[in-house]
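Enquirer: This is the structure, below, for whatever I ask next.
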Amino acid sequence: MPYYLGIDTSNYTTSASIYDSESGEMLMHKKLLPVKNGECGLRQSDAVFHHVRQLPQVIAELFDGFESDIAAVGVSSRPRDIEGSYMPCFSVGLSTAEMISKINRIPLYTFSHQSGHIAAALYSSKMTELINKCFLAFHVSGGTTEAVIVEPDEEHIFHTEIAAKTLDLNAGQLIDRVGVMLGFDFPCGKELEELSVTNTEKLNVKPTLKGADCCLSGVENICRKAYESGRTKEYTAALCLKYAEKTIDKMCGVLWETYGSLPVVFAGGVMSNQIIKKNLTEKYHAYFAEPAYSADNASGTAFLCSIRHQAEK
């Protein structure tokens, strides 16, 4: 049986995927958690409630017309691969995966949400050979802004060590807060990107770093002051995204000076921005997940599940 099921219940997306290890094809279904107009996120209790309602529907849609057996199931059970990493919303996916495993008598493998993001980027950029090498990965989203050194690991496929991080606000939080301020519904990344390309005014940004770590909370204030002082929505959106881009650019530069010019992989919802992708790809020859695989998804988990299961066999 070449088919592997992946499940991920992150703070803002319910997702499930089936990976065909023979053809390399991936089936994916996902659904955003509902966020009220004018709000920038969800409480964990609300996220858990919505996942409980949405996950059966997402899995049913994924398996609609699918008639083959599943060899194993993989699930994101925690945010990161560090001791004590926990978030209640992942318990919904884990309990569902445990039930599927027991009913179907198939193996269950758990992974971190971050590892799933990295694996999804490797899969969609067709750079899966990096799994057996050391590389630098950025995970940039609403819940995380980190750079990790990734090394092969026999038990967990790869091991991650934090090399740099945000000291306050996450890049995705910054983008969503500025987007909501401009009148968009959460999440706001796509709308800000579309608005920013129409800006014609010159941008002057100076990212704030402490070593390789970044500080982004001040950028929110800069964007708010710009908009409230009469700057256009287009300028404000472009200013916000340029700060995000230049901050990540500067972090990567510092890390290359520290660790050498390792291959660079960018994952997470913020990295679906095509302007940021173009500029960083040219400078660092970096690899990016395709937009559908940048945002939260279970495809990386399904892919990792296949690797673990085949290695054990």
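Simple scheme: letters A, B, ... for chains in structure tokens order, numbers from 1 for residues in each chain, numbers from 1 for ligands in the order shown.
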Excluding region 199-212 of chain A and its own-chain neighbours fewer than 3 positions away, which residues fall within 6 Å of it when counting only C-alpha atoms? Please give them as a CSV table (one decimal) with C-alpha atoms, in the first residue's frame.
Expert:
```
chain,number,residue,atom,x,y,z
A,164,ALA,CA,17.4,32.7,15.2
A,196,SER,CA,1.4,46.6,-2.2
A,215,CYS,CA,12.3,42.6,16.6
A,234,GLU,CA,-1.0,50.9,-0.8
A,235,TYR,CA,2.1,52.5,0.8
A,247,THR,CA,14.1,41.5,8.3
A,251,MET,CA,18.6,37.4,9.5
A,254,VAL,CA,23.9,37.0,9.6
```
Enquirer: So which residues touch region 220-222 of chain A within 7 Å, counting only C-alpha atoms, skipping near sequence neighbours fewer than 4 positions away, as a tab-separated table (two decimals) with N, CA and C atoms, in the first residue's frame?
Expert:
```
chain	number	residue	atom	x	y	z
A	174	LEU	N	2.33	40.49	12.50
A	174	LEU	CA	2.52	41.86	12.01
A	174	LEU	C	1.66	42.12	10.77
A	178	VAL	N	-1.61	44.72	10.64
A	178	VAL	CA	-1.63	45.85	9.71
A	178	VAL	C	-2.79	45.69	8.73
A	226	ALA	N	2.23	55.75	9.94
A	226	ALA	CA	2.24	56.14	8.53
A	226	ALA	C	0.81	56.28	8.00
```
Enquirer: From the list A:Thr96, A:Thr128, A:Thr301, A:Gln173, which residue is nearest Val265 (chain A) when using only C-alpha atoms?
Expert: A:Thr128
Enquirer: Env of region 107-122 of chain A: 9 Å cut, atoms = only C-alpha atoms, seq-sep filter 4 positions within chain, self excluded. Answer as a ChimeraX atom specification.
Expert: /A:8-10,71-81,85,90,94,97-98,100-102,126-131,137-139,144,156,158-160,265-268,287-290,293-305,308-309
Enquirer: Name the residues in contact with region 45-60 of chain A at a cut-off of 8 Å, using only C-alpha atoms, excluding same-chain residues fewer than 4 positions from it; report them as number ranges by chain.
Expert: A: 9, 11-12, 14-16, 29-31, 33-34, 64, 88-89, 92-93
Enquirer: Could you save the residues just selected, with C-alpha atoms, as a PDB file, in the first residue's frame?
Expert:
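The file below, again.pdb, is the result:
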```
ATOM      1  CA  THR A   9      -4.897  20.888  13.176  1.00  0.00           C
ATOM      2  CA  ASN A  11      -4.309  27.290  15.172  1.00  0.00           C
ATOM      3  CA  TYR A  12      -5.987  28.534  11.970  1.00  0.00           C
ATOM      4  CA  THR A  14      -7.894  22.125   9.586  1.00  0.00           C
ATOM      5  CA  SER A  15      -6.101  19.989   7.003  1.00  0.00           C
ATOM      6  CA  ALA A  16      -5.637  16.405   5.805  1.00  0.00           C
ATOM      7  CA  HIS A  29      -8.052  19.255   1.623  1.00  0.00           C
ATOM      8  CA  LYS A  30      -8.066  22.047   4.186  1.00  0.00           C
ATOM      9  CA  LYS A  31     -10.371  24.612   5.704  1.00  0.00           C
ATOM     10  CA  LEU A  33     -10.981  28.254  11.038  1.00  0.00           C
ATOM     11  CA  PRO A  34     -13.558  31.076  11.164  1.00  0.00           C
ATOM     12  CA  ASP A  64     -14.531  11.134  -1.422  1.00  0.00           C
ATOM     13  CA  PRO A  88      -4.261  22.337  22.643  1.00  0.00           C
ATOM     14  CA  CYS A  89      -5.485  22.556  19.035  1.00  0.00           C
ATOM     15  CA  VAL A  92      -7.869  17.226  17.966  1.00  0.00           C
ATOM     16  CA  GLY A  93      -5.764  15.891  15.123  1.00  0.00           C
TER      17      GLY A  93
END
```
Enquirer: Grab the CA of Glu161 (chain A) to CA of Lys250 (chain A) distance for me, in Å with one decimal place.
Expert: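 Here the two named atoms are 19.2 Å from each other.
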Enquirer: Can you pull out the residues contacting Lys190 (chain A)? Cut-off 12 Å, using only C-alpha atoms, and skip same-chain residues under 5 positions away; I want them as a CSV table (one decimal) with N, CA and C atoms, in the first residue's frame.
Expert:
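Result file selection_15.csv:
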```csv
chain,number,residue,atom,x,y,z
A,172,GLY,N,3.9,37.0,10.7
A,172,GLY,CA,2.5,36.8,10.3
A,172,GLY,C,1.5,37.6,11.1
A,175,ILE,N,1.7,41.2,9.8
A,175,ILE,CA,1.0,41.4,8.6
A,175,ILE,C,-0.5,41.4,8.8
A,176,ASP,N,-1.0,40.5,9.7
A,176,ASP,CA,-2.4,40.4,9.9
A,176,ASP,C,-2.9,41.7,10.7
A,179,GLY,N,-3.0,44.5,8.3
A,179,GLY,CA,-4.1,44.2,7.4
A,179,GLY,C,-5.5,44.5,8.0
A,184,PHE,N,-9.1,44.8,6.2
A,184,PHE,CA,-9.2,43.5,5.6
A,184,PHE,C,-9.6,42.5,6.6
A,185,ASP,N,-10.1,41.4,6.2
A,185,ASP,CA,-10.5,40.3,7.0
A,185,ASP,C,-9.3,39.4,7.2
A,195,LEU,N,-2.3,44.6,-2.7
A,195,LEU,CA,-2.3,46.1,-2.5
A,195,LEU,C,-0.9,46.7,-2.7
A,196,SER,N,0.1,46.0,-2.2
A,196,SER,CA,1.4,46.6,-2.2
A,196,SER,C,2.1,46.7,-3.5
A,197,VAL,N,1.7,45.9,-4.5
A,197,VAL,CA,2.3,46.0,-5.8
A,197,VAL,C,1.9,47.2,-6.6
A,237,ALA,N,0.7,49.0,3.1
A,237,ALA,CA,0.8,47.6,2.9
A,237,ALA,C,2.2,47.3,2.4
A,241,LEU,N,5.2,44.9,4.3
A,241,LEU,CA,5.8,43.7,3.7
A,241,LEU,C,7.3,43.9,3.4
A,269,GLY,N,3.3,30.4,6.1
A,269,GLY,CA,2.4,31.2,5.4
A,269,GLY,C,2.9,32.5,4.8
A,270,VAL,N,3.8,33.2,5.6
A,270,VAL,CA,4.3,34.5,5.1
A,270,VAL,C,5.2,34.3,3.8
A,271,MET,N,5.8,33.1,3.7
A,271,MET,CA,6.6,32.8,2.6
A,271,MET,C,5.9,32.5,1.3
A,272,SER,N,4.6,32.6,1.3
A,272,SER,CA,3.8,32.4,0.1
A,272,SER,C,3.8,33.7,-0.7
A,273,ASN,N,4.3,34.8,-0.1
A,273,ASN,CA,4.4,36.1,-0.7
A,273,ASN,C,5.4,36.1,-1.9
A,274,GLN,N,4.8,36.3,-3.1
A,274,GLN,CA,5.7,36.1,-4.3
A,274,GLN,C,6.7,37.2,-4.4
A,275,ILE,N,6.5,38.4,-3.9
A,275,ILE,CA,7.5,39.4,-4.0
A,275,ILE,C,8.7,39.1,-3.1
A,291,PRO,N,2.7,28.2,-2.9
A,291,PRO,CA,1.8,28.9,-2.0
A,291,PRO,C,0.8,27.9,-1.2
A,295,ALA,N,1.3,27.8,3.3
A,295,ALA,CA,0.3,28.0,4.4
A,295,ALA,C,0.1,26.6,5.1
```
Enquirer: For a quick check of understanding, using only C-alpha atoms, which of A:Ser217, A:Asn104, A:Ser124, A:Ser229 has the smallest distance to Gly24 (chain A)?
Expert: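 Smallest distance to Gly24 (chain A) is found for A:Ser124.
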Enquirer: Interatomic distance between CA of Thr145 (chain A) and CA of Thr13 (chain A)?
Expert: 17.8 Å
Enquirer: Run DSSP on the backbone and grab whatever in region 175-284 of chain A lands in alpha helix (DSSP H); send it over as a PyMOL selection string.
Expert: chain A and resi 175-181+189-196+217-228+233-259+274-284
Enquirer: For CA of Ile18 (chain A) and CA of Val264 (chain A), determine how far apart the two atoms are, in Å to one decimal place.
Expert: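 Interatomic distance here is 26.6 Å.
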Enquirer: For the structure I just gave you, how does DSSP split region 82-167 of chain A - specifically, which residues are strand (DSSP E or B)? Reply as number ranges by chain.
Expert: A: 108-112, 135-140, 145-153, 157-166
Enquirer: For those residues, write N, CA and C atoms to a file as a PDB file, in the first residue's frame.
Expert:
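Printed below is out.pdb as written:
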```pdb
ATOM      1  N   LEU A 108       0.931   4.529  13.523  1.00  0.00           N
ATOM      2  CA  LEU A 108       0.729   5.964  13.748  1.00  0.00           C
ATOM      3  C   LEU A 108       2.074   6.610  14.038  1.00  0.00           C
ATOM      4  N   TYR A 109       2.359   7.722  13.370  1.00  0.00           N
ATOM      5  CA  TYR A 109       3.606   8.452  13.592  1.00  0.00           C
ATOM      6  C   TYR A 109       3.268   9.910  13.898  1.00  0.00           C
ATOM      7  N   THR A 110       3.944  10.456  14.889  1.00  0.00           N
ATOM      8  CA  THR A 110       3.704  11.851  15.269  1.00  0.00           C
ATOM      9  C   THR A 110       4.904  12.712  14.874  1.00  0.00           C
ATOM     10  N   PHE A 111       4.602  13.926  14.470  1.00  0.00           N
ATOM     11  CA  PHE A 111       5.629  14.879  14.063  1.00  0.00           C
ATOM     12  C   PHE A 111       5.272  16.254  14.618  1.00  0.00           C
ATOM     13  N   SER A 112       6.207  17.175  14.546  1.00  0.00           N
ATOM     14  CA  SER A 112       5.896  18.547  14.938  1.00  0.00           C
ATOM     15  C   SER A 112       5.300  19.290  13.743  1.00  0.00           C
ATOM     16  N   PHE A 135      20.916  21.787   6.370  1.00  0.00           N
ATOM     17  CA  PHE A 135      20.472  22.999   5.685  1.00  0.00           C
ATOM     18  C   PHE A 135      19.845  23.963   6.688  1.00  0.00           C
ATOM     19  N   LEU A 136      19.587  25.178   6.226  1.00  0.00           N
ATOM     20  CA  LEU A 136      18.968  26.226   7.037  1.00  0.00           C
ATOM     21  C   LEU A 136      17.521  26.384   6.602  1.00  0.00           C
ATOM     22  N   ALA A 137      16.593  26.348   7.549  1.00  0.00           N
ATOM     23  CA  ALA A 137      15.173  26.483   7.227  1.00  0.00           C
ATOM     24  C   ALA A 137      14.561  27.634   8.020  1.00  0.00           C
ATOM     25  N   PHE A 138      13.793  28.461   7.333  1.00  0.00           N
ATOM     26  CA  PHE A 138      13.021  29.517   7.971  1.00  0.00           C
ATOM     27  C   PHE A 138      11.562  29.084   8.028  1.00  0.00           C
ATOM     28  N   HIS A 139      10.961  29.186   9.205  1.00  0.00           N
ATOM     29  CA  HIS A 139       9.533  28.922   9.395  1.00  0.00           C
ATOM     30  C   HIS A 139       8.914  30.248   9.817  1.00  0.00           C
ATOM     31  N   VAL A 140       8.210  30.889   8.884  1.00  0.00           N
ATOM     32  CA  VAL A 140       7.713  32.244   9.114  1.00  0.00           C
ATOM     33  C   VAL A 140       6.208  32.261   8.900  1.00  0.00           C
ATOM     34  N   THR A 145       8.193  32.721  13.980  1.00  0.00           N
ATOM     35  CA  THR A 145       9.198  33.342  13.121  1.00  0.00           C
ATOM     36  C   THR A 145      10.548  32.856  13.628  1.00  0.00           C
ATOM     37  N   GLU A 146      11.036  31.812  13.000  1.00  0.00           N
ATOM     38  CA  GLU A 146      12.268  31.149  13.443  1.00  0.00           C
ATOM     39  C   GLU A 146      13.101  30.720  12.247  1.00  0.00           C
ATOM     40  N   ALA A 147      14.397  30.650  12.486  1.00  0.00           N
ATOM     41  CA  ALA A 147      15.318  29.994  11.565  1.00  0.00           C
ATOM     42  C   ALA A 147      15.943  28.835  12.327  1.00  0.00           C
ATOM     43  N   VAL A 148      15.961  27.658  11.716  1.00  0.00           N
ATOM     44  CA  VAL A 148      16.504  26.476  12.383  1.00  0.00           C
ATOM     45  C   VAL A 148      17.558  25.808  11.508  1.00  0.00           C
ATOM     46  N   ILE A 149      18.563  25.260  12.156  1.00  0.00           N
ATOM     47  CA  ILE A 149      19.527  24.409  11.475  1.00  0.00           C
ATOM     48  C   ILE A 149      18.942  23.009  11.466  1.00  0.00           C
ATOM     49  N   VAL A 150      18.821  22.417  10.287  1.00  0.00           N
ATOM     50  CA  VAL A 150      18.201  21.103  10.130  1.00  0.00           C
ATOM     51  C   VAL A 150      19.276  20.091   9.768  1.00  0.00           C
ATOM     52  N   GLU A 151      19.335  19.000  10.533  1.00  0.00           N
ATOM     53  CA  GLU A 151      20.299  17.936  10.288  1.00  0.00           C
ATOM     54  C   GLU A 151      19.582  16.593  10.240  1.00  0.00           C
ATOM     55  N   PRO A 152      20.097  15.629   9.465  1.00  0.00           N
ATOM     56  CA  PRO A 152      19.468  14.306   9.390  1.00  0.00           C
ATOM     57  C   PRO A 152      19.421  13.643  10.758  1.00  0.00           C
ATOM     58  N   ASP A 153      18.331  12.932  11.024  1.00  0.00           N
ATOM     59  CA  ASP A 153      18.162  12.227  12.289  1.00  0.00           C
ATOM     60  C   ASP A 153      17.503  10.886  11.997  1.00  0.00           C
ATOM     61  N   ILE A 157      13.794  11.566  11.330  1.00  0.00           N
ATOM     62  CA  ILE A 157      14.034  11.988   9.943  1.00  0.00           C
ATOM     63  C   ILE A 157      14.964  13.195   9.899  1.00  0.00           C
ATOM     64  N   PHE A 158      14.595  14.278  10.586  1.00  0.00           N
ATOM     65  CA  PHE A 158      15.563  15.346  10.762  1.00  0.00           C
ATOM     66  C   PHE A 158      15.407  16.008  12.123  1.00  0.00           C
ATOM     67  N   HIS A 159      16.506  16.602  12.565  1.00  0.00           N
ATOM     68  CA  HIS A 159      16.579  17.276  13.863  1.00  0.00           C
ATOM     69  C   HIS A 159      16.745  18.764  13.626  1.00  0.00           C
ATOM     70  N   THR A 160      16.000  19.577  14.368  1.00  0.00           N
ATOM     71  CA  THR A 160      16.088  21.026  14.198  1.00  0.00           C
ATOM     72  C   THR A 160      16.632  21.688  15.458  1.00  0.00           C
ATOM     73  N   GLU A 161      17.449  22.692  15.247  1.00  0.00           N
ATOM     74  CA  GLU A 161      18.014  23.481  16.341  1.00  0.00           C
ATOM     75  C   GLU A 161      17.798  24.950  16.012  1.00  0.00           C
ATOM     76  N   ILE A 162      17.158  25.700  16.914  1.00  0.00           N
ATOM     77  CA  ILE A 162      16.865  27.107  16.656  1.00  0.00           C
ATOM     78  C   ILE A 162      18.162  27.910  16.546  1.00  0.00           C
ATOM     79  N   ALA A 163      18.286  28.631  15.426  1.00  0.00           N
ATOM     80  CA  ALA A 163      19.459  29.469  15.196  1.00  0.00           C
ATOM     81  C   ALA A 163      19.129  30.949  15.345  1.00  0.00           C
ATOM     82  N   ALA A 164      17.860  31.313  15.101  1.00  0.00           N
ATOM     83  CA  ALA A 164      17.418  32.705  15.233  1.00  0.00           C
ATOM     84  C   ALA A 164      15.914  32.729  15.371  1.00  0.00           C
ATOM     85  N   LYS A 165      15.414  33.813  15.963  1.00  0.00           N
ATOM     86  CA  LYS A 165      13.968  33.874  16.233  1.00  0.00           C
ATOM     87  C   LYS A 165      13.539  35.322  16.415  1.00  0.00           C
ATOM     88  N   THR A 166      12.230  35.527  16.459  1.00  0.00           N
ATOM     89  CA  THR A 166      11.719  36.839  16.816  1.00  0.00           C
ATOM     90  C   THR A 166      11.772  37.003  18.330  1.00  0.00           C
TER      91      THR A 166
END
```
Enquirer: In terms of the shortest atom-to-atom distance over only C-alpha atoms, which of A:Tyr227, A:Trp256, A:Tyr284, A:Phe186 is closest to Gly38 (chain A)?
Expert: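 Answer, going by the shortest atom-to-atom distance: A:Phe186.
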